[in-house]
Amino acid sequence: MYSFYGTWPWYVSGFLIGAVMLLLIYFGKTFGMSSNLRTLCSISGAGKFSDFFRFDWKSQRWNLVVVLGAMIGGFIAVHFLSNGSGVNLNPATVAKLQEMNIDAPNGKLIPELFTSAENVFTPKIFGFLLFGGLLVGFGSRYAGGCTSGHAITGMSNLQLPSLIAVIGFFIGGLIAAHFLLPLIF
(Lines give C-alpha, C1' and ligand atoms only; values in the text may rest on other atoms or scores of the structure.)
Protein backbone atom coordinates (compact mmCIF):
# COMPACT_ATOMS: atom_id res chain seq x y z
CA MET A 1 0.00 0.00 0.00
CA TYR A 2 1.23 3.48 -0.86
CA SER A 3 2.09 5.72 2.08
CA PHE A 4 0.48 9.14 2.49
CA TYR A 5 3.90 10.50 3.44
CA GLY A 6 5.71 12.02 0.47
CA THR A 7 4.51 12.82 -3.02
CA TRP A 8 1.23 11.17 -3.97
CA PRO A 9 1.06 9.33 -7.29
CA TRP A 10 -0.83 10.97 -10.13
CA TYR A 11 -3.68 8.45 -10.05
CA VAL A 12 -4.51 9.25 -6.41
CA SER A 13 -4.31 13.04 -6.68
CA GLY A 14 -5.96 13.00 -10.12
CA PHE A 15 -8.86 10.94 -8.79
CA LEU A 16 -9.32 13.33 -5.85
CA ILE A 17 -9.27 16.40 -8.12
CA GLY A 18 -11.80 14.72 -10.41
CA ALA A 19 -14.07 13.87 -7.47
CA VAL A 20 -13.96 17.48 -6.24
CA MET A 21 -14.76 18.73 -9.75
CA LEU A 22 -17.77 16.41 -10.00
CA LEU A 23 -19.04 17.78 -6.68
CA LEU A 24 -18.55 21.37 -7.86
CA ILE A 25 -20.34 20.68 -11.14
CA TYR A 26 -23.18 19.01 -9.23
CA PHE A 27 -23.59 22.09 -7.00
CA GLY A 28 -23.19 24.51 -9.93
CA LYS A 29 -19.94 26.06 -8.67
CA THR A 30 -16.68 26.86 -10.42
CA PHE A 31 -13.20 26.68 -8.98
CA GLY A 32 -10.31 29.10 -9.33
CA MET A 33 -7.91 30.92 -7.05
CA SER A 34 -7.54 34.27 -8.83
CA SER A 35 -11.27 34.99 -8.52
CA ASN A 36 -10.75 35.06 -4.76
CA LEU A 37 -8.52 38.11 -5.12
CA ARG A 38 -11.42 39.92 -6.79
CA THR A 39 -13.72 38.84 -3.94
CA LEU A 40 -11.24 40.03 -1.30
CA CYS A 41 -10.85 43.39 -3.06
CA SER A 42 -14.64 43.76 -3.23
CA ILE A 43 -14.97 42.97 0.48
CA SER A 44 -12.38 45.63 1.29
CA GLY A 45 -14.27 48.31 -0.68
CA ALA A 46 -12.48 48.40 -4.03
CA GLY A 47 -15.89 48.70 -5.73
CA LYS A 48 -15.84 52.39 -4.81
CA PHE A 49 -12.95 52.89 -7.24
CA SER A 50 -13.56 50.36 -10.03
CA ASP A 51 -16.63 48.83 -11.63
CA PHE A 52 -14.80 45.52 -11.93
CA PHE A 53 -15.07 45.07 -8.17
CA ARG A 54 -18.77 45.95 -7.97
CA PHE A 55 -20.51 42.61 -7.78
CA ASP A 56 -22.30 40.45 -5.23
CA TRP A 57 -19.25 39.14 -3.38
CA LYS A 58 -21.45 37.38 -0.82
CA SER A 59 -22.35 34.81 -3.46
CA GLN A 60 -18.62 33.95 -3.70
CA ARG A 61 -17.96 33.52 0.04
CA TRP A 62 -17.83 29.75 -0.36
CA ASN A 63 -14.78 30.12 -2.62
CA LEU A 64 -12.89 31.89 0.17
CA VAL A 65 -13.25 28.65 2.16
CA VAL A 66 -11.36 26.95 -0.68
CA VAL A 67 -8.43 29.34 -0.12
CA LEU A 68 -8.53 28.71 3.61
CA GLY A 69 -8.67 24.96 2.95
CA ALA A 70 -5.68 25.19 0.60
CA MET A 71 -3.66 26.98 3.27
CA ILE A 72 -4.67 24.57 6.03
CA GLY A 73 -4.15 21.58 3.74
CA GLY A 74 -0.69 22.81 2.77
CA PHE A 75 0.23 23.27 6.42
CA ILE A 76 -1.01 19.78 7.31
CA ALA A 77 0.80 18.25 4.33
CA VAL A 78 4.13 19.87 5.20
CA HIS A 79 4.02 19.36 8.95
CA PHE A 80 2.14 16.08 9.38
CA LEU A 81 2.12 14.17 6.08
CA SER A 82 5.72 14.70 4.99
CA ASN A 83 8.52 12.18 5.09
CA GLY A 84 11.03 15.05 5.06
CA SER A 85 12.38 14.39 1.56
CA GLY A 86 10.67 17.45 0.08
CA VAL A 87 10.59 17.93 -3.68
CA ASN A 88 13.09 15.87 -5.64
CA LEU A 89 14.09 17.46 -8.93
CA ASN A 90 15.38 15.62 -11.95
CA PRO A 91 19.22 15.67 -11.93
CA ALA A 92 19.19 17.24 -15.42
CA THR A 93 17.13 20.14 -14.05
CA VAL A 94 19.56 20.59 -11.15
CA ALA A 95 22.47 20.66 -13.64
CA LYS A 96 20.70 23.31 -15.76
CA LEU A 97 20.09 25.43 -12.67
CA GLN A 98 23.74 25.16 -11.67
CA GLU A 99 24.78 26.32 -15.16
CA MET A 100 22.84 29.53 -14.42
CA ASN A 101 24.49 29.85 -10.97
CA ILE A 102 21.24 28.94 -9.22
CA ASP A 103 21.65 26.45 -6.39
CA ALA A 104 19.39 23.42 -6.30
CA PRO A 105 16.30 23.89 -4.12
CA ASN A 106 17.35 20.91 -1.95
CA GLY A 107 13.85 19.60 -1.36
CA LYS A 108 12.11 23.00 -1.43
CA LEU A 109 9.80 24.31 -4.13
CA ILE A 110 11.88 27.43 -4.85
CA PRO A 111 15.67 27.92 -4.74
CA GLU A 112 17.14 30.02 -1.91
CA LEU A 113 18.12 32.63 -4.51
CA PHE A 114 14.48 33.74 -4.66
CA THR A 115 13.46 33.26 -1.03
CA SER A 116 16.32 34.14 1.31
CA ALA A 117 15.95 37.42 3.19
CA GLU A 118 19.25 38.80 1.92
CA ASN A 119 18.49 38.04 -1.73
CA VAL A 120 14.82 39.06 -1.99
CA PHE A 121 15.57 42.77 -1.67
CA THR A 122 18.47 42.90 -4.09
CA PRO A 123 17.42 44.97 -7.13
CA LYS A 124 17.72 42.05 -9.56
CA ILE A 125 15.67 39.52 -7.56
CA PHE A 126 13.15 42.11 -6.32
CA GLY A 127 12.61 43.32 -9.90
CA PHE A 128 12.34 39.74 -11.14
CA LEU A 129 9.69 38.88 -8.53
CA LEU A 130 7.79 42.17 -8.97
CA PHE A 131 7.71 41.95 -12.76
CA GLY A 132 6.77 38.27 -12.62
CA GLY A 133 3.96 38.99 -10.17
CA LEU A 134 2.61 41.77 -12.38
CA LEU A 135 2.70 39.47 -15.41
CA VAL A 136 0.88 36.72 -13.54
CA GLY A 137 -1.74 39.15 -12.25
CA PHE A 138 -2.27 40.76 -15.65
CA GLY A 139 -2.26 37.39 -17.39
CA SER A 140 -4.83 35.82 -15.10
CA ARG A 141 -7.11 38.85 -15.51
CA TYR A 142 -6.61 38.99 -19.27
CA ALA A 143 -7.17 35.23 -19.65
CA GLY A 144 -10.28 35.36 -17.47
CA GLY A 145 -8.81 33.11 -14.80
CA CYS A 146 -5.72 31.51 -13.41
CA THR A 147 -4.04 28.23 -14.25
CA SER A 148 -6.05 26.28 -11.67
CA GLY A 149 -9.34 27.76 -12.82
CA HIS A 150 -8.76 27.11 -16.50
CA ALA A 151 -6.86 23.82 -16.23
CA ILE A 152 -9.11 22.20 -13.65
CA THR A 153 -12.55 23.78 -13.94
CA GLY A 154 -12.53 24.98 -17.53
CA MET A 155 -11.01 21.84 -18.99
CA SER A 156 -13.34 19.57 -17.01
CA ASN A 157 -16.27 21.58 -18.40
CA LEU A 158 -14.85 21.19 -21.94
CA GLN A 159 -14.54 24.96 -22.47
CA LEU A 160 -12.56 25.91 -25.58
CA PRO A 161 -11.28 29.23 -24.07
CA SER A 162 -9.80 27.24 -21.19
CA LEU A 163 -8.05 24.87 -23.58
CA ILE A 164 -6.57 27.85 -25.43
CA ALA A 165 -5.54 29.48 -22.12
CA VAL A 166 -3.87 26.28 -20.84
CA ILE A 167 -1.95 25.88 -24.11
CA GLY A 168 -0.84 29.52 -23.72
CA PHE A 169 0.23 28.89 -20.11
CA PHE A 170 2.38 25.95 -21.17
CA ILE A 171 3.95 27.81 -24.09
CA GLY A 172 4.65 30.82 -21.87
CA GLY A 173 6.20 28.60 -19.20
CA LEU A 174 8.41 26.83 -21.73
CA ILE A 175 9.58 30.13 -23.22
CA ALA A 176 10.30 31.55 -19.77
CA ALA A 177 12.16 28.46 -18.55
CA HIS A 178 14.21 27.78 -21.68
CA PHE A 179 14.88 31.26 -23.08
CA LEU A 180 14.14 34.06 -20.60
CA LEU A 181 15.53 32.57 -17.38
CA PRO A 182 18.96 31.84 -18.91
CA LEU A 183 19.09 35.43 -20.24
CA ILE A 184 18.29 36.87 -16.82
CA PHE A 185 20.69 34.69 -14.87
# chains A, B, ... in the order shown; residues from 1 in each chain; ligands from 1

call {"tool": "residues_around", "arguments": {"residues": "range 104-121 of chain A", "least_positions_apart": "3", "cutoff": "8 Å", "atoms": "only C-alpha atoms", "output": "PyMOL selection string"}}
result
chain A and resi 85-89+94+97-98+125-126

call {"tool": "residues_around", "arguments": {"residues": "range 135-141 of chain A", "least_positions_apart": "3", "cutoff": "10 Å", "atoms": "only C-alpha atoms", "output": "list in words"}}
result
Met33, Ser34, Ser35, Leu37, Arg38, Leu129, Leu130, Phe131, Gly132, Gly144, Gly145, Cys146, Thr147, Gly149, His150, Ala165 and Phe169 of chain A

call {"tool": "write_last_selection", "arguments": {"atoms": "all heavy atoms", "output": "short mmCIF file (atom, residue, chain, number, x, y, z; two decimals), in the first residue's frame"}}
result
data_model
loop_
_atom_site.label_atom_id
_atom_site.label_comp_id
_atom_site.auth_asym_id
_atom_site.auth_seq_id
_atom_site.Cartn_x
_atom_site.Cartn_y
_atom_site.Cartn_z
N MET A 33 -8.50 30.15 -8.14
CA MET A 33 -7.91 30.92 -7.05
C MET A 33 -7.89 32.42 -7.32
O MET A 33 -8.07 33.22 -6.42
CB MET A 33 -6.50 30.43 -6.74
CG MET A 33 -6.47 29.08 -6.09
SD MET A 33 -7.29 29.16 -4.49
CE MET A 33 -6.98 27.54 -3.89
N SER A 34 -7.66 32.83 -8.56
CA SER A 34 -7.54 34.27 -8.83
C SER A 34 -8.86 35.01 -8.62
O SER A 34 -8.87 36.19 -8.29
CB SER A 34 -7.01 34.51 -10.24
OG SER A 34 -7.93 34.04 -11.20
N SER A 35 -9.98 34.33 -8.77
CA SER A 35 -11.27 34.99 -8.52
C SER A 35 -11.42 35.38 -7.06
O SER A 35 -12.17 36.30 -6.73
CB SER A 35 -12.42 34.07 -8.95
OG SER A 35 -12.37 32.85 -8.24
N LEU A 37 -9.13 36.78 -5.28
CA LEU A 37 -8.52 38.11 -5.12
C LEU A 37 -9.55 39.19 -5.42
O LEU A 37 -9.63 40.21 -4.74
CB LEU A 37 -7.30 38.25 -6.01
CG LEU A 37 -6.13 37.33 -5.68
CD1 LEU A 37 -5.04 37.45 -6.72
CD2 LEU A 37 -5.60 37.61 -4.29
N ARG A 38 -10.36 38.96 -6.45
CA ARG A 38 -11.42 39.92 -6.79
C ARG A 38 -12.43 40.00 -5.64
O ARG A 38 -12.88 41.09 -5.27
CB ARG A 38 -12.12 39.47 -8.07
CG ARG A 38 -13.23 40.39 -8.50
CD ARG A 38 -13.90 39.90 -9.76
NE ARG A 38 -14.93 40.83 -10.18
CZ ARG A 38 -15.95 40.50 -10.94
NH1 ARG A 38 -16.06 39.27 -11.40
NH2 ARG A 38 -16.84 41.39 -11.28
N LEU A 129 10.91 39.31 -9.21
CA LEU A 129 9.69 38.88 -8.53
C LEU A 129 8.54 39.86 -8.77
O LEU A 129 7.41 39.45 -9.01
CB LEU A 129 9.95 38.72 -7.03
CG LEU A 129 10.92 37.61 -6.64
CD1 LEU A 129 11.20 37.65 -5.15
CD2 LEU A 129 10.39 36.25 -7.05
N LEU A 130 8.82 41.16 -8.74
CA LEU A 130 7.79 42.17 -8.97
C LEU A 130 7.24 42.09 -10.39
O LEU A 130 6.03 42.05 -10.60
CB LEU A 130 8.34 43.57 -8.69
CG LEU A 130 7.35 44.71 -8.86
CD1 LEU A 130 6.26 44.63 -7.80
CD2 LEU A 130 8.08 46.04 -8.77
N PHE A 131 8.14 42.03 -11.36
CA PHE A 131 7.71 41.95 -12.76
C PHE A 131 6.96 40.64 -13.03
O PHE A 131 5.93 40.63 -13.70
CB PHE A 131 8.92 42.09 -13.69
CG PHE A 131 8.56 42.15 -15.15
CD1 PHE A 131 7.85 43.23 -15.65
CD2 PHE A 131 8.95 41.14 -16.01
CE1 PHE A 131 7.51 43.29 -17.00
CE2 PHE A 131 8.62 41.19 -17.36
CZ PHE A 131 7.89 42.26 -17.86
N GLY A 132 7.46 39.55 -12.47
CA GLY A 132 6.77 38.27 -12.62
C GLY A 132 5.39 38.28 -12.00
O GLY A 132 4.42 37.77 -12.58
N GLY A 144 -9.00 35.67 -18.11
CA GLY A 144 -10.28 35.36 -17.47
C GLY A 144 -10.17 34.30 -16.40
O GLY A 144 -11.16 33.66 -16.06
N GLY A 145 -8.99 34.10 -15.87
CA GLY A 145 -8.81 33.11 -14.80
C GLY A 145 -7.36 32.68 -14.71
O GLY A 145 -6.54 32.99 -15.56
N CYS A 146 -7.08 31.97 -13.66
CA CYS A 146 -5.72 31.51 -13.41
C CYS A 146 -5.53 30.09 -13.94
O CYS A 146 -6.44 29.49 -14.49
CB CYS A 146 -5.42 31.56 -11.91
SG CYS A 146 -6.55 30.55 -10.92
N THR A 147 -4.34 29.57 -13.75
CA THR A 147 -4.04 28.23 -14.25
C THR A 147 -4.94 27.18 -13.61
O THR A 147 -5.41 26.28 -14.30
CB THR A 147 -2.57 27.86 -13.98
OG1 THR A 147 -2.29 28.07 -12.60
CG2 THR A 147 -1.63 28.69 -14.82
N GLY A 149 -7.97 27.60 -12.34
CA GLY A 149 -9.34 27.76 -12.82
C GLY A 149 -9.54 27.23 -14.23
O GLY A 149 -10.50 26.51 -14.51
N HIS A 150 -8.63 27.58 -15.12
CA HIS A 150 -8.76 27.11 -16.50
C HIS A 150 -8.43 25.62 -16.64
O HIS A 150 -9.16 24.88 -17.29
CB HIS A 150 -7.84 27.91 -17.44
CG HIS A 150 -8.41 29.23 -17.83
ND1 HIS A 150 -9.57 29.37 -18.54
CD2 HIS A 150 -7.97 30.48 -17.61
CE1 HIS A 150 -9.83 30.64 -18.76
NE2 HIS A 150 -8.87 31.35 -18.19
N ALA A 165 -6.30 28.85 -23.21
CA ALA A 165 -5.54 29.48 -22.12
C ALA A 165 -4.48 28.52 -21.58
O ALA A 165 -3.33 28.92 -21.35
CB ALA A 165 -6.47 29.91 -21.00
N PHE A 169 -0.54 28.99 -21.35
CA PHE A 169 0.23 28.89 -20.11
C PHE A 169 1.45 28.01 -20.30
O PHE A 169 2.56 28.34 -19.87
CB PHE A 169 -0.61 28.31 -18.97
CG PHE A 169 -1.79 29.15 -18.55
CD1 PHE A 169 -2.94 28.55 -18.07
CD2 PHE A 169 -1.76 30.53 -18.63
CE1 PHE A 169 -4.02 29.30 -17.67
CE2 PHE A 169 -2.84 31.30 -18.22
CZ PHE A 169 -3.99 30.68 -17.75
#

call {"tool": "select_by_dssp", "arguments": {"residues": "range 22-179 of chain A", "states": "alpha helix (DSSP H)", "output": "number ranges by chain"}}
result
A: 22-26, 34-43, 61-80, 91-99, 112-115, 117-120, 123-142, 147-148, 155-156, 160-175

call {"tool": "closest_residue", "arguments": {"among": "A:Leu174, A:Ile43, A:Ile102, A:Ile152", "to": "Leu16 in chain A", "atoms": "only C-alpha atoms"}}
result
A:Ile152

call {"tool": "atom_distance", "arguments": {"atom1": "CA of Thr39 in chain A", "atom2": "CA of Gly173 in chain A"}}
result
27.1 Å

call {"tool": "atom_distance", "arguments": {"atom1": "CA of Val78 in chain A", "atom2": "CA of Phe128 in chain A"}}
result
27.0 Å

call {"tool": "residues_around", "arguments": {"residues": "Pro182 in chain A", "least_positions_apart": "4", "cutoff": "8 Å", "atoms": "only C-alpha atoms", "output": "list in words"}}
result
Met100, Ala177 and His178 of chain A

call {"tool": "write_last_selection", "arguments": {"atoms": "N, CA and C atoms", "output": "JSON list (two decimals), in the first residue's frame"}}
result
[["chain", "number", "residue", "atom", "x", "y", "z"],
["A", 100, "MET", "N", 23.26, 28.13, -14.54],
["A", 100, "MET", "CA", 22.84, 29.53, -14.42],
["A", 100, "MET", "C", 23.21, 30.12, -13.06],
["A", 177, "ALA", "N", 11.17, 29.36, -19.13],
["A", 177, "ALA", "CA", 12.16, 28.46, -18.55],
["A", 177, "ALA", "C", 13.36, 28.23, -19.47],
["A", 178, "HIS", "N", 13.13, 28.13, -20.78],
["A", 178, "HIS", "CA", 14.21, 27.78, -21.68],
["A", 178, "HIS", "C", 14.93, 28.97, -22.31]]

call {"tool": "closest_residue", "arguments": {"among": "A:Phe27, A:Ser59, A:Met21, A:Ile175", "to": "Ser42 in chain A", "atoms": "only C-alpha atoms"}}
result
A:Ser59

call {"tool": "atom_distance", "arguments": {"atom1": "CA of Pro9 in chain A", "atom2": "CA of Thr30 in chain A"}}
result
25.1 Å
